[in-house]
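Comments concern the structure below.
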Amino acid sequence: MTAPATLAPAPAPSLASTGPGGLATAGLATAALRLFSAEEVDAGAARAHPEAAEILRWARRFLTTAHPDLGRSGPVCPYTQPSLRRGLFHLAVTDGAPHADLHALVGELRGHYDRLLAHLTEEAERELLTVLLVLPQLDPTDSTALDALQRGAKDEFVEQGLMIGQFHPVCEEPGLWNGTFRPLRAPVPLLAVRKLLVFDLPFLLGDPGHLAHYLARFAPQVPARIRDQLVTGLTTQSPTT
């Protein structure tokens with residue numbers, strides 16, 4: 001399923017009014033988001049936003065392919081190619097003030113994601129729905145602001161069954177299978193939203209709240225391999241005696 005070239009502004013969740021961590025956002029500029037499917041970007045509908053085409057090229061060249069430093073076989077992101085193939089890969093860009101309130105944009109992003117999700121009836125499609133919020137206005141040499149935005153939003157997203165990740169030209173987050181690999185480096189700063197999946201456990205072990213939400217959602221169906229990761233993670237984090 002693909003999205004229309006424009007969507008009416010969606011109702012924003014609580015992040016839009018207060019921002020992650022309860023930070024006030026009153027008085028800051030806001031900007032509506034425009035949402036494009038990958039097919040629409042290919043057709044030139046996002047010509048006024050070249051960063052969308054740049055990120056789509058990066059997704060196809062980097063995320064969907066293997067990398068010698070990844071530390072495992074398969075593509076860097078196993079979900080991107082199926083998402084693209086099913087027409088479930090979308091890019092959101094700001095269509096307004098260049099200094100838009102980032103917290104409000106995250107809230108609007110969540111609203112658009114929920115509207116797209118509501119039209120999907122197959123669980124396989126719901127798991128592949130992906131929306132990238134491209135943020136070229138952020139400093140490409142310093143990921144501090146984007147990292148803080150993602151951390152502040154993650155609590156609420158995980159609680160509600162979603163993952164939100166940050167990608168940035170200088171993102172220092174290491175790979176899961178090779179600590180020297182930097183899989184979250186993208187040519188333009190962005191946030192990515194998709195459904196929380198059972199295989200996301202390694203990304204949640206560092207926060208007890210995230211882990212609790214994960215277990216409440218997936219405990220009955222956690223595969224043996226994931227249970228082993230959980231035991232290993234908890235053992236690693238346990239204080240020594």
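By order in the structure tokens, chains are A, B, ...; within a chain, residues start at 1; ligands start at 1, following the order shown.
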Produce a table with one row for each residue of range 39-116 of chain A that has an atom at most 8 Å from any atom of range 139-160 of chain A, each row naming the nearest atom pair and its distance in Å at one decimal; use only C-alpha atoms; arrange rows by chain and rising residue number; format as CSV.
residue,atom,partner,partner_atom,distance
A:Leu102,CA,A:Leu149,CA,7.8
A:His103,CA,A:Leu149,CA,7.4
A:Val106,CA,A:Ala153,CA,7.9
Quick one: write out the picked residues with C-alpha atoms as an mmCIF file, in the first residue's frame?
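Output contents, as saved in result.cif:
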data_model
loop_
_atom_site.group_PDB
_atom_site.id
_atom_site.type_symbol
_atom_site.label_atom_id
_atom_site.label_comp_id
_atom_site.auth_asym_id
_atom_site.auth_seq_id
_atom_site.Cartn_x
_atom_site.Cartn_y
_atom_site.Cartn_z
ATOM 1 C CA LEU A 102 11.575 18.987 16.414
ATOM 2 C CA HIS A 103 9.412 17.570 19.193
ATOM 3 C CA VAL A 106 8.107 13.699 16.030
#
Taking the DSSP assignment computed from this structure's backbone, write out as an MDAnalysis selection string all residues of range 45-209 of chain A that belong to strand (DSSP E or B).
chainID A and resid 89:94 130:134 162:167 190:195
For those residues, write N, CA and C atoms to a file as an mmCIF file, in the first residue's frame.
data_model
loop_
_atom_site.group_PDB
_atom_site.id
_atom_site.type_symbol
_atom_site.label_atom_id
_atom_site.label_comp_id
_atom_site.auth_asym_id
_atom_site.auth_seq_id
_atom_site.Cartn_x
_atom_site.Cartn_y
_atom_site.Cartn_z
ATOM 1 N N PHE A 89 7.379 1.593 2.303
ATOM 2 C CA PHE A 89 8.524 2.411 2.709
ATOM 3 C C PHE A 89 8.191 3.861 2.362
ATOM 4 N N HIS A 90 8.188 4.733 3.372
ATOM 5 C CA HIS A 90 7.755 6.123 3.196
ATOM 6 C C HIS A 90 8.801 7.085 3.761
ATOM 7 N N LEU A 91 8.829 8.282 3.201
ATOM 8 C CA LEU A 91 9.731 9.330 3.673
ATOM 9 C C LEU A 91 8.924 10.576 3.979
ATOM 10 N N ALA A 92 9.164 11.161 5.149
ATOM 11 C CA ALA A 92 8.490 12.385 5.564
ATOM 12 C C ALA A 92 9.486 13.527 5.553
ATOM 13 N N VAL A 93 9.054 14.662 5.024
ATOM 14 C CA VAL A 93 9.907 15.850 4.962
ATOM 15 C C VAL A 93 9.123 17.039 5.496
ATOM 16 N N THR A 94 9.827 18.031 6.011
ATOM 17 C CA THR A 94 9.163 19.223 6.516
ATOM 18 C C THR A 94 8.767 20.115 5.347
ATOM 19 N N THR A 130 7.324 1.288 7.307
ATOM 20 C CA THR A 130 8.472 2.085 7.748
ATOM 21 C C THR A 130 8.297 3.520 7.292
ATOM 22 N N VAL A 131 8.522 4.454 8.205
ATOM 23 C CA VAL A 131 8.475 5.872 7.856
ATOM 24 C C VAL A 131 9.756 6.536 8.345
ATOM 25 N N LEU A 132 10.461 7.212 7.451
ATOM 26 C CA LEU A 132 11.673 7.936 7.791
ATOM 27 C C LEU A 132 11.369 9.431 7.798
ATOM 28 N N LEU A 133 11.707 10.101 8.886
ATOM 29 C CA LEU A 133 11.598 11.555 8.964
ATOM 30 C C LEU A 133 12.976 12.138 8.656
ATOM 31 N N VAL A 134 13.119 12.766 7.496
ATOM 32 C CA VAL A 134 14.404 13.290 7.045
ATOM 33 C C VAL A 134 14.575 14.710 7.574
ATOM 34 N N LEU A 162 6.291 0.459 19.315
ATOM 35 C CA LEU A 162 7.005 0.959 18.151
ATOM 36 C C LEU A 162 8.488 1.096 18.450
ATOM 37 N N MET A 163 9.285 1.078 17.391
ATOM 38 C CA MET A 163 10.706 1.390 17.496
ATOM 39 C C MET A 163 10.965 2.702 16.786
ATOM 40 N N ILE A 164 11.826 3.531 17.372
ATOM 41 C CA ILE A 164 12.264 4.755 16.721
ATOM 42 C C ILE A 164 13.783 4.793 16.809
ATOM 43 N N GLY A 165 14.434 4.899 15.675
ATOM 44 C CA GLY A 165 15.892 4.897 15.628
ATOM 45 C C GLY A 165 16.421 6.123 14.925
ATOM 46 N N GLN A 166 17.644 6.497 15.278
ATOM 47 C CA GLN A 166 18.265 7.670 14.681
ATOM 48 C C GLN A 166 19.392 7.258 13.748
ATOM 49 N N PHE A 167 19.494 7.959 12.620
ATOM 50 C CA PHE A 167 20.578 7.776 11.656
ATOM 51 C C PHE A 167 21.186 9.141 11.389
ATOM 52 N N LEU A 190 18.221 11.614 10.203
ATOM 53 C CA LEU A 190 16.832 11.169 10.096
ATOM 54 C C LEU A 190 16.438 10.332 11.296
ATOM 55 N N LEU A 191 15.136 10.199 11.484
ATOM 56 C CA LEU A 191 14.549 9.273 12.440
ATOM 57 C C LEU A 191 13.734 8.246 11.667
ATOM 58 N N ALA A 192 13.781 6.996 12.101
ATOM 59 C CA ALA A 192 13.045 5.924 11.441
ATOM 60 C C ALA A 192 12.071 5.289 12.428
ATOM 61 N N VAL A 193 10.849 5.063 11.984
ATOM 62 C CA VAL A 193 9.811 4.469 12.828
ATOM 63 C C VAL A 193 9.271 3.217 12.157
ATOM 64 N N ARG A 194 9.143 2.166 12.943
ATOM 65 C CA ARG A 194 8.500 0.937 12.493
ATOM 66 C C ARG A 194 7.945 0.223 13.713
ATOM 67 N N LYS A 195 7.272 -0.882 13.480
ATOM 68 C CA LYS A 195 6.673 -1.654 14.556
ATOM 69 C C LYS A 195 7.759 -2.352 15.390
#
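One finds CA of Arg60 in chain A at 14.0 Å from CA of Arg185 in chain A.
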As a count of residues only, list the residues of range 27-140 of chain A assigned to helix (DSSP H, G or I) by DSSP on the backbone atoms of this structure.
48
9 Å contact set for Pro183 in chain A, only C-alpha atoms, chain neighbours under 2 positions out, as an MDAnalysis selection string:
chainID A and resid 63 70 76:77 167 171:175 181 185:186
I'd like to know which of A:Phe62, A:Pro136, A:Phe36, A:Glu108 is closest to Leu88 in chain A, using only C-alpha atoms.
A:Phe36
